[in-house]
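Trainee: The structure file model10.cif (mmCIF, C-alpha atoms) is provided below.
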data_protein
loop_
_atom_site.label_atom_id
_atom_site.label_comp_id
_atom_site.auth_asym_id
_atom_site.auth_seq_id
_atom_site.Cartn_x
_atom_site.Cartn_y
_atom_site.Cartn_z
CA MET E 1 211.54 157.23 52.58
CA GLY E 2 213.03 156.57 49.13
CA ARG E 3 216.30 157.47 47.53
CA LEU E 4 216.15 161.26 47.28
CA PHE E 5 218.46 161.71 50.26
CA LYS E 6 221.10 159.32 48.90
CA ALA E 7 223.40 159.12 45.89
CA HIS E 8 221.13 157.58 43.31
CA PRO E 9 220.52 156.96 39.61
CA LEU E 10 218.25 159.46 37.95
CA THR E 11 215.87 159.12 35.02
CA VAL E 12 214.58 162.40 33.61
CA TYR E 13 211.38 162.85 31.61
CA ARG E 14 209.56 165.65 29.88
CA VAL E 15 205.83 165.87 30.59
CA SER E 16 203.78 166.85 27.55
CA PRO E 17 200.06 167.65 27.58
CA GLU E 18 197.84 166.09 24.93
CA GLU E 19 196.67 169.15 23.01
CA GLN E 20 193.19 167.83 22.29
CA LEU E 21 192.55 167.10 25.97
CA THR E 22 193.98 170.18 27.67
CA LEU E 23 190.50 171.73 28.02
CA LEU E 24 189.17 168.87 30.16
CA PRO E 25 188.45 169.70 33.82
CA LYS E 26 191.57 169.26 35.89
CA THR E 27 191.56 166.93 38.87
CA ARG E 28 193.67 168.07 41.79
CA ASP E 29 197.07 166.46 41.48
CA TYR E 30 196.87 164.66 44.82
CA GLU E 31 193.52 163.15 43.80
CA ALA E 32 194.99 161.93 40.52
CA ILE E 33 198.01 160.40 42.27
CA ALA E 34 195.62 158.64 44.68
CA HIS E 35 193.99 156.87 41.71
CA ALA E 36 197.23 154.88 41.31
CA SER E 37 197.62 154.05 45.01
CA PHE E 38 199.66 151.04 46.07
CA GLU E 39 197.73 147.94 47.18
CA ASP E 40 199.25 146.01 50.08
CA ILE E 41 199.60 142.30 49.30
CA ASP E 42 200.83 141.07 52.70
CA GLU E 43 197.55 139.23 53.24
CA LEU E 44 197.05 138.32 49.57
CA SER E 45 199.39 135.37 49.24
CA HIS E 46 198.25 134.50 45.71
CA ILE E 47 199.49 137.83 44.31
CA GLU E 48 203.13 137.91 43.27
CA LYS E 49 203.64 141.63 42.66
CA SER E 50 202.01 144.96 43.45
CA THR E 51 202.90 148.42 42.13
CA GLY E 52 201.50 151.82 43.01
CA THR E 53 201.98 155.29 44.45
CA VAL E 54 202.72 156.03 48.10
CA VAL E 55 203.33 159.15 50.14
CA PHE E 56 206.89 160.50 49.86
CA GLU E 57 207.28 160.93 53.60
CA ASP E 58 206.10 157.40 54.43
CA TYR E 59 206.23 154.57 51.91
CA ARG E 60 203.67 152.65 54.03
CA SER E 61 201.00 155.31 53.56
CA THR E 62 198.59 156.01 50.71
CA GLY E 63 196.86 158.82 52.57
CA PHE E 64 197.35 161.40 49.83
CA GLY E 65 196.37 165.01 50.40
CA PRO E 66 197.37 168.45 49.12
CA GLY E 67 199.76 168.84 52.07
CA ASN E 68 201.90 165.82 51.19
CA VAL E 69 201.78 165.85 47.37
CA GLU E 70 201.51 169.44 46.16
CA PHE E 71 204.40 171.74 47.09
CA GLY E 72 204.13 174.95 45.07
CA GLU E 73 205.02 174.03 41.49
CA TYR E 74 206.11 170.52 42.56
CA VAL E 75 204.09 167.33 42.62
CA VAL E 76 205.94 164.83 44.81
CA PHE E 77 205.24 161.16 45.52
CA SER E 78 206.96 157.79 45.56
CA VAL E 79 206.50 154.60 43.57
CA ARG E 80 206.49 151.38 45.56
CA ILE E 81 206.97 147.88 44.17
CA ASP E 82 206.35 144.86 46.41
CA GLU E 83 207.31 141.50 44.95
CA ARG E 84 207.44 137.97 46.26
CA LYS E 85 210.64 136.47 44.96
CA ILE E 86 211.23 132.75 45.32
CA PRO E 87 214.91 131.80 45.08
CA GLY E 88 215.46 129.86 41.87
CA ALA E 89 217.41 127.05 43.51
CA ALA E 90 214.72 126.57 46.16
CA LEU E 91 211.98 126.49 43.52
CA ASN E 92 213.84 123.96 41.37
CA LYS E 93 214.46 121.67 44.35
CA GLN E 94 210.82 121.77 45.45
CA VAL E 95 209.60 121.13 41.89
CA GLU E 96 211.95 118.15 41.44
CA ASP E 97 210.83 116.69 44.77
CA ALA E 98 207.17 117.09 43.78
CA ILE E 99 207.74 115.45 40.38
CA ASP E 100 209.61 112.56 42.01
CA LYS E 101 206.70 112.06 44.42
CA GLU E 102 204.25 112.17 41.51
CA MET E 103 206.32 109.57 39.64
CA VAL E 104 206.20 107.19 42.59
CA GLU E 105 202.41 107.40 42.59
CA ALA E 106 202.28 107.05 38.79
CA LYS E 107 204.33 103.84 38.87
CA LYS E 108 201.87 102.36 41.34
CA GLU E 109 199.28 102.81 38.61
CA GLY E 110 201.54 101.26 35.97
CA LYS E 111 202.64 104.54 34.36
CA ASN E 112 206.30 105.22 33.48
CA PHE E 113 206.20 108.93 32.70
CA ILE E 114 204.62 112.25 33.61
CA SER E 115 203.38 114.43 30.77
CA ARG E 116 204.89 117.83 30.07
CA ASP E 117 201.57 119.56 30.82
CA ARG E 118 201.36 117.81 34.18
CA LYS E 119 204.92 118.91 35.03
CA ARG E 120 203.93 122.50 34.29
CA GLU E 121 200.91 122.12 36.58
CA ILE E 122 203.14 120.76 39.34
CA LYS E 123 205.50 123.70 38.97
CA GLU E 124 202.65 126.23 39.23
CA GLN E 125 201.29 124.44 42.30
CA VAL E 126 204.71 124.56 43.94
CA LYS E 127 205.01 128.28 43.12
CA LEU E 128 201.66 129.01 44.73
CA ARG E 129 202.59 127.02 47.82
CA LEU E 130 205.98 128.71 48.22
CA ARG E 131 204.54 132.14 47.44
CA ALA E 132 202.10 131.77 50.31
CA HIS E 133 205.08 131.52 52.67
CA THR E 134 207.15 134.30 51.05
CA VAL E 135 207.03 137.82 52.47
CA PRO E 136 206.90 140.47 49.73
CA THR E 137 209.98 142.69 49.57
CA PRO E 138 209.27 146.44 49.16
CA LYS E 139 211.31 148.73 46.92
CA VAL E 140 210.73 152.48 46.68
CA ALA E 141 211.80 155.25 44.30
CA ASP E 142 210.95 158.93 44.64
CA VAL E 143 209.30 161.02 41.92
CA TRP E 144 208.90 164.75 41.59
CA TRP E 145 207.29 166.70 38.80
CA ASN E 146 208.31 170.30 38.31
CA THR E 147 205.13 171.67 36.73
CA LYS E 148 206.90 174.94 35.95
CA THR E 149 209.58 173.35 33.74
CA ASN E 150 207.51 170.23 32.93
CA LEU E 151 210.44 168.03 33.87
CA LEU E 152 209.80 164.88 35.89
CA PHE E 153 212.52 163.07 37.84
CA LEU E 154 212.61 159.43 38.96
CA THR E 155 215.31 158.34 41.42
CA ASP E 156 215.94 155.03 39.70
CA LYS E 157 216.92 153.74 36.27
CA SER E 158 215.93 150.06 36.49
CA LYS E 159 213.50 148.64 33.94
CA GLY E 160 211.11 147.70 36.73
CA PHE E 161 210.72 151.23 38.06
CA VAL E 162 210.68 152.82 34.60
CA GLU E 163 207.78 150.55 33.63
CA ALA E 164 206.10 151.07 37.01
CA LEU E 165 206.24 154.87 36.66
CA ASP E 166 204.76 154.66 33.18
CA ASP E 167 201.90 152.51 34.52
CA VAL E 168 201.08 154.64 37.56
CA PHE E 169 201.32 157.91 35.64
CA ARG E 170 198.90 156.58 33.04
CA THR E 171 196.58 155.33 35.76
CA ALA E 172 196.72 158.67 37.55
CA PHE E 173 196.37 161.04 34.61
CA GLY E 174 195.11 158.91 31.73
CA THR E 175 196.05 160.62 28.46
CA ARG E 176 195.99 164.14 29.89
CA PHE E 177 199.76 163.99 30.17
CA VAL E 178 202.43 161.94 28.43
CA ILE E 179 205.91 161.32 29.84
CA GLU E 180 208.86 160.66 27.57
CA PRO E 181 212.56 160.24 28.42
CA LEU E 182 214.49 163.46 28.01
CA THR E 183 217.55 163.58 25.77
CA LEU E 184 220.36 166.09 25.93
CA GLY E 185 219.93 167.11 22.30
CA LEU E 186 222.74 165.02 20.84
CA ASP E 187 222.59 164.01 17.19
CA GLU E 188 224.66 161.08 15.92
CA GLU E 189 224.51 162.43 12.35
CA LYS E 190 226.33 165.55 13.49
CA ASN E 191 228.96 163.47 15.28
CA MET E 192 227.86 164.74 18.67
CA VAL E 193 228.67 161.70 20.72
CA GLY E 194 229.52 161.40 24.36
CA HIS E 195 233.03 159.99 24.01
CA ASP E 196 234.11 163.18 22.19
CA PHE E 197 232.56 165.21 24.99
CA LEU E 198 234.26 163.26 27.77
CA THR E 199 237.61 162.94 26.00
CA SER E 200 237.79 166.68 25.35
CA ILE E 201 237.21 167.41 29.05
CA TRP E 202 239.87 164.83 29.94
CA ASN E 203 242.44 166.27 27.50
CA ALA E 204 241.79 169.82 28.72
CA ASN E 205 242.09 168.81 32.38
CA GLY E 206 238.65 170.27 32.94
CA THR E 207 236.66 173.17 31.57
CA THR E 208 234.99 176.33 32.84
CA PHE E 209 231.55 177.20 31.49
CA SER E 210 228.64 179.56 32.11
CA HIS E 211 225.52 178.54 33.99
CA GLY E 212 222.99 181.34 34.12
CA GLU E 213 224.85 184.46 35.15
CA ASP E 214 227.56 182.54 36.99
CA SER E 215 230.39 180.23 36.01
CA ALA E 216 231.11 176.61 36.92
CA HIS E 217 234.07 174.29 36.53
CA ALA E 218 233.86 170.64 35.46
CA PHE E 219 236.51 167.96 35.52
CA ILE E 220 236.70 164.18 35.36
CA SER E 221 237.29 162.97 38.88
CA ASP E 222 236.76 159.20 39.19
CA ASN E 223 235.36 155.93 37.85
CA ILE E 224 236.86 156.37 34.37
CA THR E 225 236.57 153.98 31.43
CA ALA E 226 238.40 154.31 28.11
CA ALA E 227 237.76 152.25 24.97
CA ASP E 228 238.34 152.22 21.24
CA ALA E 229 235.66 153.35 18.77
CA GLN E 230 234.05 149.91 18.75
CA GLU E 231 234.45 149.59 22.54
CA THR E 232 236.01 146.17 22.08
CA ILE E 233 238.92 146.93 24.41
CA LYS E 234 238.14 148.71 27.67
CA VAL E 235 240.38 150.10 30.38
CA SER E 236 238.80 151.14 33.67
CA GLU E 237 240.16 152.73 36.82
CA VAL E 238 238.40 153.68 40.04
CA GLY E 239 239.76 155.68 42.96
CA SER E 240 239.64 159.41 43.57
CA ASN E 241 243.30 159.40 44.62
CA ALA E 242 244.49 157.35 41.65
CA GLU E 243 246.87 158.76 39.04
CA PHE E 244 244.90 157.03 36.27
CA ASP E 245 248.08 156.04 34.43
CA ASP E 246 246.32 153.25 32.52
CA ILE E 247 243.71 155.72 31.30
CA LYS E 248 246.38 158.20 30.25
CA ARG E 249 248.17 155.55 28.21
CA ALA E 250 244.89 154.38 26.68
CA VAL E 251 243.98 157.89 25.51
CA GLU E 252 247.51 158.41 24.15
CA ASP E 253 247.00 155.22 22.16
CA GLY E 254 243.89 156.70 20.54
CA LYS E 255 241.14 155.43 22.80
CA PHE E 256 238.24 157.58 24.03
CA ILE E 257 236.83 158.24 27.47
CA VAL E 258 233.46 156.43 27.32
CA GLY E 259 232.39 156.73 30.93
CA ALA E 260 233.40 158.79 33.94
CA GLN E 261 232.34 160.58 37.05
CA LEU E 262 232.20 164.33 36.45
CA THR E 263 232.63 166.71 39.34
CA ILE E 264 231.07 170.10 38.69
CA SER E 265 231.99 172.87 41.12
CA TYR E 266 229.36 175.59 41.32
CA ASP E 267 228.42 178.11 43.97
CA ASP E 268 230.79 176.56 46.55
CA THR E 269 229.20 173.12 46.05
CA ASP E 270 230.53 170.00 44.28
CA TYR E 271 228.07 167.95 42.26
CA GLU E 272 229.14 164.45 41.19
CA ILE E 273 227.49 163.03 38.08
CA ASP E 274 228.19 159.69 36.39
CA VAL E 275 228.13 160.11 32.61
CA ASP E 276 228.36 157.49 29.84
CA SER E 277 229.39 157.80 26.22
CA ALA E 278 225.78 158.02 25.03
CA LEU E 279 225.06 161.01 27.30
CA THR E 280 221.77 159.38 28.15
CA PRO E 281 219.26 161.10 30.42
CA ILE E 282 219.92 158.30 32.88
CA LEU E 283 222.54 159.48 35.34
CA LYS E 284 223.87 158.80 38.77
CA VAL E 285 223.86 161.98 40.81
CA SER E 286 225.48 162.62 44.16
CA VAL E 287 224.77 165.93 45.83
CA PRO E 288 225.39 167.04 49.41
CA ALA E 289 222.52 165.52 51.38
CA VAL E 290 220.33 167.60 53.63
CA THR E 291 220.52 166.23 57.16
CA HIS E 292 217.04 165.82 58.58
CA LEU E 293 216.98 167.29 62.06
CA GLU E 294 214.11 167.04 64.50
CA GLN E 295 213.55 170.76 64.40
CA GLU E 296 213.69 170.90 60.62
CA GLU E 297 210.54 170.21 58.65
CA ILE E 298 210.99 167.36 56.20
CA ASP E 299 209.19 169.39 53.53
CA GLY E 300 211.91 172.01 53.59
CA ALA E 301 214.66 169.39 53.51
CA MET E 302 212.96 167.63 50.61
CA LEU E 303 212.60 170.78 48.52
CA THR E 304 216.21 171.74 49.23
CA GLN E 305 217.37 168.33 48.05
CA ILE E 306 215.19 168.50 44.94
CA ASP E 307 216.67 171.90 44.12
CA ARG E 308 220.20 170.49 44.41
CA VAL E 309 219.47 167.54 42.14
CA GLU E 310 217.81 169.80 39.56
CA THR E 311 220.80 172.14 39.77
CA ALA E 312 223.12 169.22 39.04
CA PHE E 313 221.05 168.26 36.01
CA GLY E 314 220.93 171.87 34.82
CA LEU E 315 224.70 172.15 35.17
CA LEU E 316 225.18 169.04 33.03
CA ASN E 317 222.93 170.55 30.35
CA SER E 318 224.87 173.82 30.42
CA LEU E 319 228.15 171.91 30.18
CA VAL E 320 226.93 169.95 27.15
CA GLU E 321 225.72 173.14 25.44
CA HIS E 322 229.07 174.79 26.16
CA TRP E 323 230.93 171.85 24.65
CA LYS E 324 228.72 171.81 21.55
CA GLN E 325 229.36 175.48 20.93
CA GLU E 326 233.09 175.18 21.55
CA SER E 327 233.23 172.15 19.24
CA SER E 328 231.14 173.89 16.55
CA LEU E 329 228.95 170.81 16.46
CA GLU E 330 225.69 172.67 16.66
CA ILE E 331 225.39 176.35 15.78
CA SER E 332 222.16 178.28 15.57
CA PRO E 333 221.52 180.24 12.35
CA GLU E 334 222.03 183.50 14.25
CA GLU E 335 225.34 182.28 15.67
CA PHE E 336 226.42 181.04 12.24
CA ARG E 337 225.74 184.44 10.65
CA ARG E 338 227.51 186.20 13.50
CA ARG E 339 230.60 184.07 13.00
CA MET E 340 230.52 184.58 9.22
CA ARG E 341 230.33 188.36 9.65
CA ALA E 342 233.13 188.30 12.18
CA GLY E 343 235.20 186.14 9.82
CA ALA E 344 234.59 188.50 6.94
CA ARG E 345 235.62 191.50 9.00
CA GLN E 346 238.74 189.70 10.15
CA ALA E 347 239.56 188.78 6.55
CA ALA E 348 239.16 192.45 5.57
CA GLU E 349 241.55 193.49 8.32
CA ASP E 350 244.08 190.89 7.17
CA LEU E 351 243.88 192.14 3.55
CA LYS E 352 244.43 195.78 4.42
CA GLY E 353 247.78 196.94 3.24
CA THR E 354 248.17 194.07 0.77
CA LEU E 355 246.08 195.62 -2.02
CA PRO E 356 247.63 198.04 -4.53
CA GLU E 357 246.95 201.71 -3.79
CA GLY E 358 243.53 202.80 -4.99
CA THR E 359 242.22 199.22 -5.23
CA THR E 360 239.12 198.05 -3.35
CA MET E 361 237.68 194.59 -2.71
CA THR E 362 234.26 193.51 -1.55
CA ILE E 363 233.81 190.39 0.60
CA VAL E 364 230.27 189.00 0.56
CA THR E 365 229.20 186.73 3.43
CA SER E 366 226.83 183.79 2.96
CA ASP E 367 223.85 185.89 4.09
CA GLY E 368 224.61 188.66 1.60
CA GLU E 369 226.37 191.13 3.87
CA LYS E 370 229.09 193.10 2.06
CA VAL E 371 232.38 194.08 3.69
CA GLU E 372 234.49 196.61 1.77
CA VAL E 373 238.30 196.35 1.84
CA ALA E 374 240.23 199.43 0.77
#
Rewrite the coordinates I just gave you, this time as C-alpha cells.
Mentor:
Amino acid sequence: MGRLFKAHPLTVYRVSPEEQLTLLPKTRDYEAIAHASFEDIDELSHIEKSTGTVVFEDYRSTGFGPGNVEFGEYVVFSVRIDERKIPGAALNKQVEDAIDKEMVEAKKEGKNFISRDRKREIKEQVKLRLRAHTVPTPKVADVWWNTKTNLLFLTDKSKGFVEALDDVFRTAFGTRFVIEPLTLGLDEEKNMVGHDFLTSIWNANGTTFSHGEDSAHAFISDNITAADAQETIKVSEVGSNAEFDDIKRAVEDGKFIVGAQLTISYDDTDYEIDVDSALTPILKVSVPAVTHLEQEEIDGAMLTQIDRVETAFGLLNSLVEHWKQESSLEISPEEFRRRMRAGARQAAEDLKGTLPEGTTMTIVTSDGEKVEVA
C-alpha cells in the first residue's frame, strides 16, 4: 500500500476533457488504467527502470477490475516505479578497475592510451554487469481521481512521480483527458503572494473563516521560516512547543513568514498542512489516519481517508479565499458594487446634519447608483 495512510506530500491536478474528443466511446476506467499496467523487471536485468499502474490495495498486483478501481465517483489506483540504482562510488571503482585492466592489455600490444570512446564502452559494460546483480527498488504513490469535481490527487511531489503520473495517464486515456497542476488562484500582478498570506495569519495569531455552512480556525503551529523580500536571509524554527522567539524578532524586523505548518481546526478535527510562500498546489498534508482493522473493509477506510485529505485541501482553499477577500486583493464585480453602494450610503449618513437647512446633495457611485443626502 502507498502513502495515503501516512503524512505525505500532495500534488493536486485538474482533469480537463478535450472538447473535440468527448463524443468518443468511453472505455471503462479500470480498463483504461490497465493499459498503463506496471511491468515487473525482476527477471529483466537489462532494464534499469519500469513505471506503471498497480492496484491500490496491493502494489504487487496489476489485476485491475471495477471492484478495485472504481468506487462511486472515484477512480483509485497507485503508480509504481521500480529502478535499479547502482551506487556512484561502486560504479566509479568498478569502471576504474576495468580501465586499468584494459590498459595492462593495451601496453602488451604497445599502446599507451585508451580512447575516450573505448572508455565510454567500458563504462556501459560495467553498468550492464552491475545492473544484472542489482535488485530493483520499488516506490509507490497513490492516486485518486474525483470524477465529480474533476480533481486528481497524487500522494507525492517528486519530479519522478509527477513525470510518471503524466506518462501513465496519457497511456491510459490518450488525449481524452488532460491533467494540469492546480493553482490556488493567486496573481503576482495583484500582489497576492503567499508571504503576505502567512504573515497576516501570524500577526493575527490565527484566523476564523467560513467553510461551507460551518466555520474553521487556522493558525501557524510549527516548522516556521521567515525571510526578507529577496529571501536572502532566512530564520527557521521547528518544534510545536517552541516559543518561536527568533521568528517573532525576524517579523518585527520586517521579514515575512515564507513557510509554515498551518493547523486548521474544523469539525472537531485538526488538519496539518505545510504551506510555502508561493502557495503552490504541492502541499504536505497530515490528517488523522484511519486504522485498518481486520473487521473493517479497506475500501471504507480508503474512502474515509480520501475524504479527509480532500477536506484538508478544501479548507486551505476556503482559507485563501477568505484572506483574499479580507485583504481586498481580489473582489468580484458584484462585491465591488456592493461595497461602493455601502460606502455611498455610509457617506450619506456621515453628511447628514452637516448640510445647511434645505440643501440636498447627490452621491453617485461608480455604477451610476444615486444616493440622496438631505
Trainee: Written as a ChimeraX atom specification, what is the full residue list that the PyMOL selection byres ((chain E and resi 74) around 9) yields on the file shown?
Mentor: /E:69-73,75-76,144-148,303
Trainee: Excluding range 226-228 of chain E and any residue of its chain fewer than 2 positions from it, enumerate the residues within 9 Å of it, using all atoms listed in the file, and give them as a PDB file with C-alpha atoms, in the frame of the given file.
Mentor:
ATOM      1  CA  HIS E 195     233.030 159.990  24.010  1.00  0.00           C
ATOM      2  CA  THR E 199     237.610 162.940  26.000  1.00  0.00           C
ATOM      3  CA  ILE E 224     236.860 156.370  34.370  1.00  0.00           C
ATOM      4  CA  GLN E 230     234.050 149.910  18.750  1.00  0.00           C
ATOM      5  CA  GLU E 231     234.450 149.590  22.540  1.00  0.00           C
ATOM      6  CA  THR E 232     236.010 146.170  22.080  1.00  0.00           C
ATOM      7  CA  ILE E 233     238.920 146.930  24.410  1.00  0.00           C
ATOM      8  CA  LYS E 234     238.140 148.710  27.670  1.00  0.00           C
ATOM      9  CA  VAL E 235     240.380 150.100  30.380  1.00  0.00           C
ATOM     10  CA  SER E 236     238.800 151.140  33.670  1.00  0.00           C
ATOM     11  CA  ILE E 247     243.710 155.720  31.300  1.00  0.00           C
ATOM     12  CA  ALA E 250     244.890 154.380  26.680  1.00  0.00           C
ATOM     13  CA  VAL E 251     243.980 157.890  25.510  1.00  0.00           C
ATOM     14  CA  GLY E 254     243.890 156.700  20.540  1.00  0.00           C
ATOM     15  CA  LYS E 255     241.140 155.430  22.800  1.00  0.00           C
ATOM     16  CA  PHE E 256     238.240 157.580  24.030  1.00  0.00           C
ATOM     17  CA  ILE E 257     236.830 158.240  27.470  1.00  0.00           C
ATOM     18  CA  VAL E 258     233.460 156.430  27.320  1.00  0.00           C
ATOM     19  CA  GLY E 259     232.390 156.730  30.930  1.00  0.00           C
ATOM     20  CA  ALA E 260     233.400 158.790  33.940  1.00  0.00           C
TER      21      ALA E 260
END
Trainee: Taking a cut-off of 12 Å and counting only C-alpha atoms, can you build a table that, for each residue of range 171-271 of chain E near range 154-159 of chain E, reports the nearest atom pair and how far apart they are in Å (one decimal), sorted by chain then residue number, as CSV?
Mentor:
residue,atom,partner,partner_atom,distance
E:Ile179,CA,E:Leu154,CA,11.5
E:Pro181,CA,E:Leu154,CA,10.6
E:Leu182,CA,E:Leu154,CA,11.8
Trainee: In the coordinates of the file, take the point (218.3, 168.5, 46.0) and a cut-off of 9 Å; then, counting only C-alpha atoms, name each qualifying protein, DNA or RNA residue as number ranges by chain.
Mentor: E: 4-5, 287-290, 301-312
Trainee: Could you tell me how far CA of Leu283 in chain E lies from CA of Leu262 in chain E, in Å and to one decimal?
Mentor: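 Between CA of Leu283 in chain E and CA of Leu262 in chain E the gap is 10.9 Å.
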